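The next block holds one structure in the form of structure tokens; read it before the comments.
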Amino acid sequence: MRELKGKHVVLHDNDLTRREEANRRYLMKLTNDNLLFNYKVEAGRYHGRDIPKDAHGGWETPVCQIRGHFLGHWLSAAAMRFHETGDLELKLKADLILDELAECQKDNGGQWAAPIPEKYLHWVAQGKAIWAPQYNIHKLFMGLVDMYQFTGSQHALEVADRFADWFVTWSTTFTREKFDDILDMETGGMLEAWADLLHITGNAKYKTLLERYYRSRLFRPLLENKDPLTNMHANTTIPEVLGCARAYEVTGEQRWMDIVTAYWKCAVTERGTLATGGNTAGEVWMPKMKIKARLGDKNQEHCTVYNMIRLAEFLFRHTSNPAYAQYIEYNLYNGIMAQAYYQEYHLTGNRHDNPGTGLLTYFLPMKAGLRKDWSSETDSFFCCHGTMVQANAALNRGIYYQNHNDVYVCQYFHSELTTEINGENVRIHQSQDHMSGSMLNSSNTAGQQELNEVTALHENLPNYKKYDFIVHTDSSSEFAIHFRIPDWILSEAVIYVNDQLHGKSADHSAFYTLLRNWKDGDRVSIILPVGIRFIPLPDDEQTGAFRFGPEVLAGICENERILFTQLDDVASELIMENEREWGSWRYFFKTANQDPGIQLRRIRDIGYEPYQVYFTVKNSG
């Protein structure tokens with residue numbers, strides 16, 4: 001199965017396109033001189049006497065051992081954006097950066113291209129404390145590979161291939177045991193880089209590097225069904241397993257897939273997740289099904305959200321299991337969209353900072369009464385700063401997939417798919433009917449009356465989401481469209497074809513399949529019943545979070561609040577508030593019986609307000 005992305009998928013969803021455009025403006029706003037500063041310093045190409053006043057701060061300062069890591073993320077994001085839109089201005093900016101990187105590599109002796117000195121890796125081998133140089137270096141390899149794959153830059157590939165020679169030579173100087181010690185010092189996605197370059201070049205040196213970077217001390221216990229992850233730094237391991245995923249695709253060797261599936265089982269299936277879909281605290285994996293004691297100020301690191309989405313996407317492509325697409329949906333709404341590109345949804349108005357300056361959050365706190373800690377554009381550059389620009393570069397990914405003549409709809413966003421099926425061009429336009437007042441034809445054909453009832457003018461926010469898919473094809477063509485049935489629906493999903501009832505399903509373990517001879521203009525309507533659910537913690541059924549459909553709700557709370565309500569129907573404690581503004585529905589909620597009441601918003605709409613996600617509930621009687 002292949003993911004349909006790039007120019008195959010055009011987004012029309014207003015929030016997603018806003019995020020992409022803001023991301024693009026940010027990529028263009030950062031100057032090449034500042035992005036390249038640490039690379040030039042290392043290569044002796046910076047001839048100033050002082051650090052420029054506008055130089056990037058945080059992890060990009062010249063005294064930080066992880067300096068320069070962001071440029072690799074920038075290149076990846078630029079490449080992804082070009083692949084989706086053909087943005088030539090952004091590509092030119094990236095090409096100029098690549099030209100300077102090649103000059104830096106030349107001045108470093110022809111191989112080394114990193115923004116840090118070679119001795120950092122020698123120090124790691126000696127056991128000296130140094131901050132993750134291979135994690136840093138991997139970011140550049142990733143950016144170079146993406147520039148080649150998505151823009152066709154031969155220059156990027158040449159820099160990467162010459163740089164890899166340094167690692168071939170360096171890694172030969174260690175015994176297996178000694179190199180295993182080195183691999184215990186965060187290597188980031190070096191394994192994935194070697195797999196990518198093996199696929200691109202076919203050069204045997206990358207097969208050698210794949211074997212050398214096989215981290216048996218992590219992979220062996222996973223394959224033995226043990227738990228090496230509890231309290232282990234999460235984002236040290238996820239990129240390594242992404243490397244296994246890519247190695248499987250490149251080599252076809254089952255051992256790599258076995259590691260990936262064992263990792264998912266240990267990290268997600270047996271461990272459980274927050275209601276948001278995440279599961280980390282203080283950057284480490286929480287204990288299996290024991291989350292309550294870890295609700296704090298450093299939950300859900302953005303990097304882990306982004307990388308676990310990538311891992312879920314790989315597993316979906318190779319299994320067709322909709323559970324992975326469901327995992328992505330929760331993390332997209334309650335992670336990617338909740339932790340980056342804050343828009344002025346703030347409610348309290350008591351923040352001294354300009355509410356439009358928030359860029360992203362490193363973590364998403366789960367402790368009551370805390371706030372999102374928003375970073376700035378040029379003074380932070382922590383690790384999640386990089387995954388942020390990648391995550392928001394091309395949000396048209398993961399929506400549609402194709403396997404031969406079968407199309408899979410995995411996410412519901414206003415968008416348009418163009419692909420080829422049976423040698424014919426096929427276009428599928430997806431839109432959401434927001435029930436703004438229009439009604440369908442009132443004819444009473446079979447199924448029409450029922451459909452009219454759910455598409456009529458609504459006085460209040462309807463208790464379902466309705467999505468329409470219009471199929472456009474030059475000639476009649478038989479193929480299947482498979483629709484994901486979300487696990488958050490409150491009752492059966494209802495599917496119509498050309499206003500005729502086709503079927504119903506509440507089975508979220510399988511796709512709902514429509515196999516037919518499609519004609520131009522055929523319309524599919526899918527009705528997804530939506531409402532509020534109380535999602536308890538796995539280790540405390542009386543403490544939980546509220547979700548409206550896929551979206552977690554957060555209460556606006558300065559201090560922790562306990563809810564007194566009926567334990568057999570906790571979700572009924574929340575009711576709509578201020579639900580309409582002009583032509584749009586608003587997703588504002590409040591408690592019905594608490595004193596004082598609590599306002600709740602979708603967590604992606606929380607700006608600078610203090611909030612509470614998890615509530616302990618007690619019987620009101």
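Starting from 1 in every chain, residues are counted up; chains themselves are A, B, ... following the order of the structure tokens, and ligands are numbered from 1 as listed.
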
Spatial neighbours of range 486-491 of chain A, max dist 12 Å, only C-alpha atoms, sep filter under 2 positions, as an mmCIF file with C-alpha atoms, in the first residue's frame:
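Result went into result_34.cif, see below:
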data_model
loop_
_atom_site.group_PDB
_atom_site.id
_atom_site.type_symbol
_atom_site.label_atom_id
_atom_site.label_comp_id
_atom_site.auth_asym_id
_atom_site.auth_seq_id
_atom_site.Cartn_x
_atom_site.Cartn_y
_atom_site.Cartn_z
ATOM 1 C CA ALA A 275 -6.543 10.373 26.157
ATOM 2 C CA PRO A 322 -7.236 1.004 10.789
ATOM 3 C CA ALA A 323 -6.149 1.094 14.450
ATOM 4 C CA TYR A 324 -2.919 2.766 13.346
ATOM 5 C CA ALA A 325 -4.837 5.449 11.449
ATOM 6 C CA GLN A 326 -6.969 5.989 14.549
ATOM 7 C CA TYR A 327 -3.817 6.432 16.632
ATOM 8 C CA ILE A 328 -2.634 9.044 14.137
ATOM 9 C CA GLU A 329 -5.942 10.922 14.325
ATOM 10 C CA TYR A 330 -5.780 11.294 18.118
ATOM 11 C CA VAL A 409 -9.838 7.098 3.312
ATOM 12 C CA CYS A 410 -8.057 7.289 6.654
ATOM 13 C CA GLN A 411 -8.690 10.857 7.843
ATOM 14 C CA TYR A 412 -11.611 13.204 7.417
ATOM 15 C CA ASN A 463 -24.727 15.232 17.159
ATOM 16 C CA TYR A 464 -22.851 13.841 14.179
ATOM 17 C CA LYS A 465 -20.241 14.786 11.611
ATOM 18 C CA PHE A 483 -13.756 4.295 4.699
ATOM 19 C CA ARG A 484 -12.292 4.195 8.210
ATOM 20 C CA ALA A 493 -21.904 5.146 11.230
ATOM 21 C CA VAL A 494 -24.383 5.472 8.350
ATOM 22 C CA LYS A 504 -24.355 0.993 8.713
ATOM 23 C CA SER A 505 -21.327 0.005 10.762
ATOM 24 C CA ALA A 506 -19.892 0.429 14.230
ATOM 25 C CA ASP A 507 -16.944 -1.886 13.522
ATOM 26 C CA HIS A 508 -13.834 0.248 13.866
ATOM 27 C CA SER A 509 -11.573 -2.779 13.445
ATOM 28 C CA ALA A 510 -12.283 -2.871 9.716
ATOM 29 C CA PHE A 511 -12.877 -0.407 6.892
ATOM 30 C CA TYR A 512 -16.333 0.000 5.398
ATOM 31 C CA ILE A 526 -20.873 9.189 5.670
ATOM 32 C CA ILE A 527 -22.549 10.146 8.948
ATOM 33 C CA LEU A 528 -20.397 9.768 12.083
ATOM 34 C CA PRO A 529 -22.342 10.139 15.364
ATOM 35 C CA VAL A 530 -20.280 12.320 17.686
ATOM 36 C CA GLY A 531 -20.529 13.342 21.311
ATOM 37 C CA ILE A 532 -18.708 13.495 24.610
ATOM 38 C CA ARG A 533 -17.021 10.498 26.179
ATOM 39 C CA PHE A 534 -15.267 10.175 29.522
ATOM 40 C CA ILE A 535 -11.951 8.344 29.014
ATOM 41 C CA PHE A 546 -13.272 14.126 28.210
ATOM 42 C CA ARG A 547 -13.190 13.719 24.453
ATOM 43 C CA PHE A 548 -15.582 15.221 21.923
ATOM 44 C CA GLY A 549 -15.149 12.904 18.969
ATOM 45 C CA PRO A 550 -11.373 12.613 18.511
ATOM 46 C CA GLU A 551 -10.609 15.852 20.364
ATOM 47 C CA VAL A 552 -9.637 16.066 24.031
ATOM 48 C CA ALA A 571 -20.084 12.490 30.173
#

With 9 Å as the cut-off and only C-alpha atoms counted, what is the closest atom pair between each nearby residue of range 112-188 of chain A and range 79-89 of chain A? Distances in Å to one decimal, ordered by chain and number, as JSON lines.
{"residue": "A:Gly143", "atom": "CA", "partner": "A:Ala79", "partner_atom": "CA", "distance": 8.0}
{"residue": "A:Asp146", "atom": "CA", "partner": "A:Ala79", "partner_atom": "CA", "distance": 6.0}
{"residue": "A:Met147", "atom": "CA", "partner": "A:Ala79", "partner_atom": "CA", "distance": 5.2}
{"residue": "A:Tyr148", "atom": "CA", "partner": "A:Ala79", "partner_atom": "CA", "distance": 8.3}
{"residue": "A:Gln149", "atom": "CA", "partner": "A:Ala79", "partner_atom": "CA", "distance": 8.2}
{"residue": "A:Phe150", "atom": "CA", "partner": "A:His83", "partner_atom": "CA", "distance": 5.4}
{"residue": "A:Thr151", "atom": "CA", "partner": "A:Ala79", "partner_atom": "CA", "distance": 6.1}

Writer output for current selection, C-alpha atoms, as a PDB file, in the first residue's frame:
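Saved to part.pdb:
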ATOM      1  CA  GLY A 143      17.547  16.821   5.503  1.00  0.00           C
ATOM      2  CA  ASP A 146      14.754  14.436   1.902  1.00  0.00           C
ATOM      3  CA  MET A 147      16.123  17.113  -0.406  1.00  0.00           C
ATOM      4  CA  TYR A 148      17.199  14.377  -2.806  1.00  0.00           C
ATOM      5  CA  GLN A 149      13.999  12.333  -2.548  1.00  0.00           C
ATOM      6  CA  PHE A 150      11.507  15.205  -2.722  1.00  0.00           C
ATOM      7  CA  THR A 151      13.281  17.785  -4.889  1.00  0.00           C
TER       8      THR A 151
END

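Between CA of Trp166 in chain A and CA of His138 in chain A lies a distance of 13.4 Å.
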
Among range 384-538 of chain A, which ones does DSSP place in strand (DSSP E), written as a ChimeraX atom specification?
/A:400-403,406-409,415-421,424-433,464-473,477-483,493-497,500-505,512-518,523-529,532-537

Distance CA of Leu514 in chain A-CA of Gly277 in chain A, one decimal place?
29.4 Å

As a compact mmCIF listing (two decimals) with N, CA and C atoms, in the first residue's frame, please: the residues near range 17-23 of chain A (cut-off 10 Å, only C-alpha atoms, same-chain neighbours under 5 positions excluded).
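And here's part32.txt as it stands now:
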# COMPACT_ATOMS: atom_id res chain seq x y z
N VAL A 10 -4.68 17.72 -2.44
CA VAL A 10 -4.77 19.16 -2.22
C VAL A 10 -5.66 19.41 -1.01
N LEU A 11 -5.14 20.16 -0.05
CA LEU A 11 -5.91 20.48 1.16
C LEU A 11 -6.79 21.69 0.93
N HIS A 12 -7.99 21.62 1.49
CA HIS A 12 -8.89 22.77 1.52
C HIS A 12 -9.31 23.10 2.95
N MET A 28 10.73 30.68 5.49
CA MET A 28 11.31 31.73 4.67
C MET A 28 11.89 32.87 5.52
N LYS A 29 11.33 33.09 6.68
CA LYS A 29 11.75 34.20 7.54
C LYS A 29 13.14 33.99 8.11
N ALA A 77 11.74 19.97 6.00
CA ALA A 77 10.47 20.67 5.88
C ALA A 77 10.35 21.37 4.53
N ALA A 78 11.43 22.01 4.09
CA ALA A 78 11.41 22.69 2.79
C ALA A 78 11.18 21.69 1.67
N ARG A 81 7.52 20.53 1.70
CA ARG A 81 6.66 21.60 1.19
C ARG A 81 6.74 21.69 -0.33
N MET A 337 -1.60 19.48 16.43
CA MET A 337 -2.41 20.69 16.33
C MET A 337 -2.55 21.41 17.67
N ALA A 340 1.49 23.37 18.37
CA ALA A 340 2.20 24.23 17.43
C ALA A 340 1.26 25.22 16.77
N TYR A 341 1.82 26.40 16.46
CA TYR A 341 1.12 27.45 15.74
C TYR A 341 -0.18 27.86 16.42
N TYR A 342 0.00 28.35 17.64
CA TYR A 342 -1.12 28.88 18.41
C TYR A 342 -1.69 30.10 17.71
N GLN A 343 -3.02 30.08 17.51
CA GLN A 343 -3.73 31.23 16.98
C GLN A 343 -4.49 31.88 18.13
N LEU A 359 4.72 29.90 19.36
CA LEU A 359 5.08 29.10 18.20
C LEU A 359 4.82 27.62 18.43
N MET A 388 8.52 20.27 14.69
CA MET A 388 7.38 21.14 14.41
C MET A 388 7.35 21.58 12.95
N VAL A 389 8.49 22.04 12.41
CA VAL A 389 8.47 22.53 11.03
C VAL A 389 8.25 21.39 10.05
N GLN A 390 8.66 20.17 10.41
CA GLN A 390 8.38 19.02 9.56
C GLN A 390 6.91 18.63 9.64
N ALA A 391 6.38 18.59 10.86
CA ALA A 391 5.00 18.14 11.06
C ALA A 391 4.01 19.04 10.35
N ASN A 392 4.32 20.34 10.25
CA ASN A 392 3.39 21.29 9.65
C ASN A 392 3.76 21.67 8.22
N ALA A 393 4.75 21.01 7.66
CA ALA A 393 5.18 21.34 6.30
C ALA A 393 4.21 20.81 5.25
N ALA A 394 3.67 19.61 5.48
CA ALA A 394 2.81 18.97 4.48
C ALA A 394 1.74 18.16 5.20
N LEU A 395 0.69 18.83 5.60
CA LEU A 395 -0.38 18.19 6.37
C LEU A 395 -1.36 17.43 5.49
N ASN A 396 -1.06 17.32 4.20
CA ASN A 396 -1.90 16.53 3.30
C ASN A 396 -1.54 15.05 3.34

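Take the candidates A:Ala247, A:Ala195, A:Met366, A:Ile66 and check each one against Gly278 in chain A using only C-alpha atoms; the shortest distance goes to A:Met366.
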
Between A:Pro536, A:Lys207, A:Asp595, A:Leu274, which one has atoms that come closest to Leu567 in chain A, using only C-alpha atoms?
A:Pro536

Please identify which residues in range 108-210 of chain A DSSP calls helix (DSSP H, G or I) from the backbone, and express them as JSON, numbers by chain.
{"A": [119, 120, 121, 122, 123, 124, 125, 133, 134, 135, 136, 137, 138, 139, 140, 141, 142, 143, 144, 145, 146, 147, 148, 149, 150, 151, 154, 155, 156, 157, 158, 159, 160, 161, 162, 163, 164, 165, 166, 167, 168, 169, 170, 171, 176, 177, 178, 179, 180, 181, 182, 183, 190, 191, 192, 193, 194, 195, 196, 197, 198, 199, 200, 201, 204, 205, 206, 207, 208, 209, 210]}

Selection export as a PDB file, in the first residue's frame, atoms kept: C-alpha atoms:
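Result saved to out.pdb:
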ATOM      1  CA  LYS A 119      36.314  15.156  18.188  1.00  0.00           C
ATOM      2  CA  TYR A 120      32.823  14.989  19.704  1.00  0.00           C
ATOM      3  CA  LEU A 121      32.472  11.468  18.327  1.00  0.00           C
ATOM      4  CA  HIS A 122      35.931  10.524  19.515  1.00  0.00           C
ATOM      5  CA  TRP A 123      35.001  11.822  22.961  1.00  0.00           C
ATOM      6  CA  VAL A 124      31.873   9.652  22.960  1.00  0.00           C
ATOM      7  CA  ALA A 125      34.036   6.625  22.207  1.00  0.00           C
ATOM      8  CA  PRO A 133      26.448  14.225  18.592  1.00  0.00           C
ATOM      9  CA  GLN A 134      25.028  11.480  16.357  1.00  0.00           C
ATOM     10  CA  TYR A 135      21.477  12.622  17.102  1.00  0.00           C
ATOM     11  CA  ASN A 136      22.592  16.057  15.908  1.00  0.00           C
ATOM     12  CA  ILE A 137      24.349  14.740  12.815  1.00  0.00           C
ATOM     13  CA  HIS A 138      21.423  12.570  11.820  1.00  0.00           C
ATOM     14  CA  LYS A 139      19.307  15.687  11.344  1.00  0.00           C
ATOM     15  CA  LEU A 140      21.607  16.830   8.551  1.00  0.00           C
ATOM     16  CA  PHE A 141      21.575  13.396   6.897  1.00  0.00           C
ATOM     17  CA  MET A 142      17.786  13.389   7.102  1.00  0.00           C
ATOM     18  CA  GLY A 143      17.547  16.821   5.503  1.00  0.00           C
ATOM     19  CA  LEU A 144      19.957  15.897   2.728  1.00  0.00           C
ATOM     20  CA  VAL A 145      18.121  12.661   1.970  1.00  0.00           C
ATOM     21  CA  ASP A 146      14.754  14.436   1.902  1.00  0.00           C
ATOM     22  CA  MET A 147      16.123  17.113  -0.406  1.00  0.00           C
ATOM     23  CA  TYR A 148      17.199  14.377  -2.806  1.00  0.00           C
ATOM     24  CA  GLN A 149      13.999  12.333  -2.548  1.00  0.00           C
ATOM     25  CA  PHE A 150      11.507  15.205  -2.722  1.00  0.00           C
ATOM     26  CA  THR A 151      13.281  17.785  -4.889  1.00  0.00           C
ATOM     27  CA  GLN A 154      21.831  15.554  -6.683  1.00  0.00           C
ATOM     28  CA  HIS A 155      23.962  18.054  -4.775  1.00  0.00           C
ATOM     29  CA  ALA A 156      22.326  16.997  -1.495  1.00  0.00           C
ATOM     30  CA  LEU A 157      22.968  13.334  -2.229  1.00  0.00           C
ATOM     31  CA  GLU A 158      26.632  13.988  -3.004  1.00  0.00           C
ATOM     32  CA  VAL A 159      27.176  15.789   0.302  1.00  0.00           C
ATOM     33  CA  ALA A 160      25.461  12.953   2.200  1.00  0.00           C
ATOM     34  CA  ASP A 161      27.390  10.221   0.384  1.00  0.00           C
ATOM     35  CA  ARG A 162      30.772  11.844   1.052  1.00  0.00           C
ATOM     36  CA  PHE A 163      29.858  12.452   4.683  1.00  0.00           C
ATOM     37  CA  ALA A 164      28.911   8.783   5.109  1.00  0.00           C
ATOM     38  CA  ASP A 165      32.466   7.781   4.183  1.00  0.00           C
ATOM     39  CA  TRP A 166      33.665   9.393   7.416  1.00  0.00           C
ATOM     40  CA  PHE A 167      31.395   7.053   9.412  1.00  0.00           C
ATOM     41  CA  VAL A 168      32.499   3.989   7.462  1.00  0.00           C
ATOM     42  CA  THR A 169      36.126   4.668   8.435  1.00  0.00           C
ATOM     43  CA  TRP A 170      35.404   5.738  12.020  1.00  0.00           C
ATOM     44  CA  SER A 171      33.150   2.784  12.866  1.00  0.00           C
ATOM     45  CA  ARG A 176      31.349  -4.928  18.434  1.00  0.00           C
ATOM     46  CA  GLU A 177      31.086  -4.531  22.200  1.00  0.00           C
ATOM     47  CA  LYS A 178      32.706  -1.106  22.162  1.00  0.00           C
ATOM     48  CA  PHE A 179      30.471   0.102  19.359  1.00  0.00           C
ATOM     49  CA  ASP A 180      27.455  -1.148  21.286  1.00  0.00           C
ATOM     50  CA  ASP A 181      28.587   1.174  24.079  1.00  0.00           C
ATOM     51  CA  ILE A 182      28.640   4.030  21.574  1.00  0.00           C
ATOM     52  CA  LEU A 183      25.139   3.132  20.350  1.00  0.00           C
ATOM     53  CA  MET A 190      21.371   7.230  11.872  1.00  0.00           C
ATOM     54  CA  LEU A 191      20.066   3.735  11.131  1.00  0.00           C
ATOM     55  CA  GLU A 192      17.255   5.201   9.033  1.00  0.00           C
ATOM     56  CA  ALA A 193      19.728   7.392   7.134  1.00  0.00           C
ATOM     57  CA  TRP A 194      21.849   4.377   6.209  1.00  0.00           C
ATOM     58  CA  ALA A 195      18.742   2.488   5.058  1.00  0.00           C
ATOM     59  CA  ASP A 196      17.619   5.439   2.925  1.00  0.00           C
ATOM     60  CA  LEU A 197      21.034   5.805   1.352  1.00  0.00           C
ATOM     61  CA  LEU A 198      21.257   2.059   0.708  1.00  0.00           C
ATOM     62  CA  HIS A 199      17.951   2.285  -1.139  1.00  0.00           C
ATOM     63  CA  ILE A 200      19.038   5.325  -3.146  1.00  0.00           C
ATOM     64  CA  THR A 201      22.567   4.269  -4.068  1.00  0.00           C
ATOM     65  CA  ALA A 204      27.366  -1.902  -0.089  1.00  0.00           C
ATOM     66  CA  LYS A 205      28.906   0.495   2.427  1.00  0.00           C
ATOM     67  CA  TYR A 206      25.413   1.323   3.656  1.00  0.00           C
ATOM     68  CA  LYS A 207      24.645  -2.339   4.213  1.00  0.00           C
ATOM     69  CA  THR A 208      27.785  -2.427   6.356  1.00  0.00           C
ATOM     70  CA  LEU A 209      26.639   0.621   8.304  1.00  0.00           C
ATOM     71  CA  LEU A 210      23.193  -0.912   8.821  1.00  0.00           C
TER      72      LEU A 210
END

Pick out the residues sitting within 8 Å of Gln432 in chain A, and hand them over as an MDAnalysis selection string; count only C-alpha atoms, and ignore anything fewer than 4 positions along from it in its own chain.
chainID A and resid 413:414 465:468

Find the residues near range 104-108 of chain A: any atom within 7 Å, counting only C-alpha atoms, skip ones fewer than 5 places away on the same chain, and give them as a count of residues only.
4
